[in-house]
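The structure appears right after this line, and notes come after that.
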Amino acid sequence: MVIYQKLPDKIKQEINAGAVDQVIKYDGKKAIMTVGENSRDLTGSALEGIKYEAMMNFILNLDKLKIKSKLLGKEKIDKKDAYIIELKFPSGEVWKQFYDVKTGLKVKSSKTISSPQGSFAQTTHYGNYKAVAGVKYPFSVKQTVGPQTLDFKVSSIKINTGLKDDKFKIK
């Protein structure tokens, strides 16, 4: 997987899962998903989700974005206490994020994603945080979508590389 992001709100994700290549692009207004030779526009909750994922700092602007947050309590994640934060988006979509009580780092997130094949629970675990340019990033990401689990090991993170807007252009 390769992810490109550019402030304020552009993202491109390239996923190669063996025989299947998937590309998701969001140019700040619209999004498209390409799987193999087939492309489709993302709409509804899928569009809303990628919109917020493209904002690197959306969690700092919840009030401005009209996202309601609620502390639900604590839960053990990998034998450590984590705060459970519920985020409710203007559309009614709900995400849960789990933050390590001691470090404040996000250790898990969960949400429901919709696709042409139906709705699926998506859970992501984050770990092995390392500092890059003074900011801690997870270098281990394990994502479960429905019955499928993908385990990603981050090999590098590059910051301020001068990405051009063309990389996010939707044709």
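Every chain in the structure tokens has a letter given in the order shown (A, B, ...), and although residue numbers restart at 1 in each chain, ligands are simply numbered from 1 in the order shown.
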
Within 7 Å of Asp41 in chain A, counting only C-alpha atoms, which residues show up once you throw out same-chain ones fewer than 6 positions away? Write them as a PyMOL selection string, please. chain A and resi 31-33

Output as a list of chain:residue names all residues of range 38-114 of chain A that backbone DSSP marks as helix (DSSP H, G or I).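 Answer for range 38-114 of chain A, restricted to helix (DSSP H, G or I): A:Gly44, A:Ser45, A:Ala46, A:Leu47, A:Glu48, A:Gly49, A:Ile50, A:Lys51, A:Tyr52, A:Glu53, A:Ala54, A:Phe58, A:Ile59, A:Leu60, A:Asn61.
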
Hey, can you spit out that residue selection with N, CA and C atoms as an mmCIF file, in the first residue's frame?
data_model
loop_
_atom_site.group_PDB
_atom_site.id
_atom_site.type_symbol
_atom_site.label_atom_id
_atom_site.label_comp_id
_atom_site.auth_asym_id
_atom_site.auth_seq_id
_atom_site.Cartn_x
_atom_site.Cartn_y
_atom_site.Cartn_z
ATOM 1 N N GLY A 44 -22.222 9.210 -0.950
ATOM 2 C CA GLY A 44 -22.800 8.929 0.357
ATOM 3 C C GLY A 44 -21.756 8.801 1.452
ATOM 4 N N SER A 45 -21.914 7.775 2.298
ATOM 5 C CA SER A 45 -21.011 7.612 3.439
ATOM 6 C C SER A 45 -19.592 7.282 3.014
ATOM 7 N N ALA A 46 -19.415 6.611 1.863
ATOM 8 C CA ALA A 46 -18.065 6.318 1.369
ATOM 9 C C ALA A 46 -17.336 7.612 1.019
ATOM 10 N N LEU A 47 -18.036 8.538 0.386
ATOM 11 C CA LEU A 47 -17.449 9.845 0.054
ATOM 12 C C LEU A 47 -17.150 10.629 1.329
ATOM 13 N N GLU A 48 -18.096 10.614 2.264
ATOM 14 C CA GLU A 48 -17.873 11.336 3.528
ATOM 15 C C GLU A 48 -16.655 10.778 4.256
ATOM 16 N N GLY A 49 -16.528 9.460 4.301
ATOM 17 C CA GLY A 49 -15.402 8.834 4.988
ATOM 18 C C GLY A 49 -14.061 9.220 4.394
ATOM 19 N N ILE A 50 -13.948 9.170 3.073
ATOM 20 C CA ILE A 50 -12.669 9.513 2.430
ATOM 21 C C ILE A 50 -12.385 11.005 2.579
ATOM 22 N N LYS A 51 -13.421 11.815 2.609
ATOM 23 C CA LYS A 51 -13.255 13.257 2.812
ATOM 24 C C LYS A 51 -12.552 13.523 4.142
ATOM 25 N N TYR A 52 -13.009 12.869 5.212
ATOM 26 C CA TYR A 52 -12.397 13.083 6.519
ATOM 27 C C TYR A 52 -11.032 12.419 6.626
ATOM 28 N N GLU A 53 -10.847 11.259 5.993
ATOM 29 C CA GLU A 53 -9.530 10.615 5.996
ATOM 30 C C GLU A 53 -8.498 11.478 5.273
ATOM 31 N N ALA A 54 -8.940 12.221 4.260
ATOM 32 C CA ALA A 54 -8.026 13.082 3.502
ATOM 33 C C ALA A 54 -7.547 14.272 4.324
ATOM 34 N N PHE A 58 -8.383 16.423 10.833
ATOM 35 C CA PHE A 58 -9.810 16.596 11.090
ATOM 36 C C PHE A 58 -10.133 16.451 12.579
ATOM 37 N N ILE A 59 -9.392 15.626 13.286
ATOM 38 C CA ILE A 59 -9.667 15.394 14.702
ATOM 39 C C ILE A 59 -9.483 16.672 15.524
ATOM 40 N N LEU A 60 -8.728 17.641 15.003
ATOM 41 C CA LEU A 60 -8.513 18.908 15.696
ATOM 42 C C LEU A 60 -9.601 19.931 15.392
ATOM 43 N N ASN A 61 -10.500 19.601 14.465
ATOM 44 C CA ASN A 61 -11.521 20.541 14.008
ATOM 45 C C ASN A 61 -12.938 19.985 14.112
#

For the strand (DSSP E or B) assignment from backbone DSSP, which residues of chain A qualify? Please present them as a PyMOL selection string. chain A and resi 2-6+10-17+20-26+31-35+38-42+68-77+80-88+94-100+106-115+118-132+135-145+148-153

Using only C-alpha atoms, which of the listed residues (A:Lys108, A:Arg40, A:Asp165, A:Val132) sits closest to Pro8 in chain A?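 Of A:Lys108, A:Arg40, A:Asp165, A:Val132, the one nearest Pro8 in chain A is A:Asp165, counting only C-alpha atoms.
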
I'd like the interatomic distance between CA of His125 in chain A and CA of Tyr26 in chain A, to a tenth of an Å. 23.5 Å
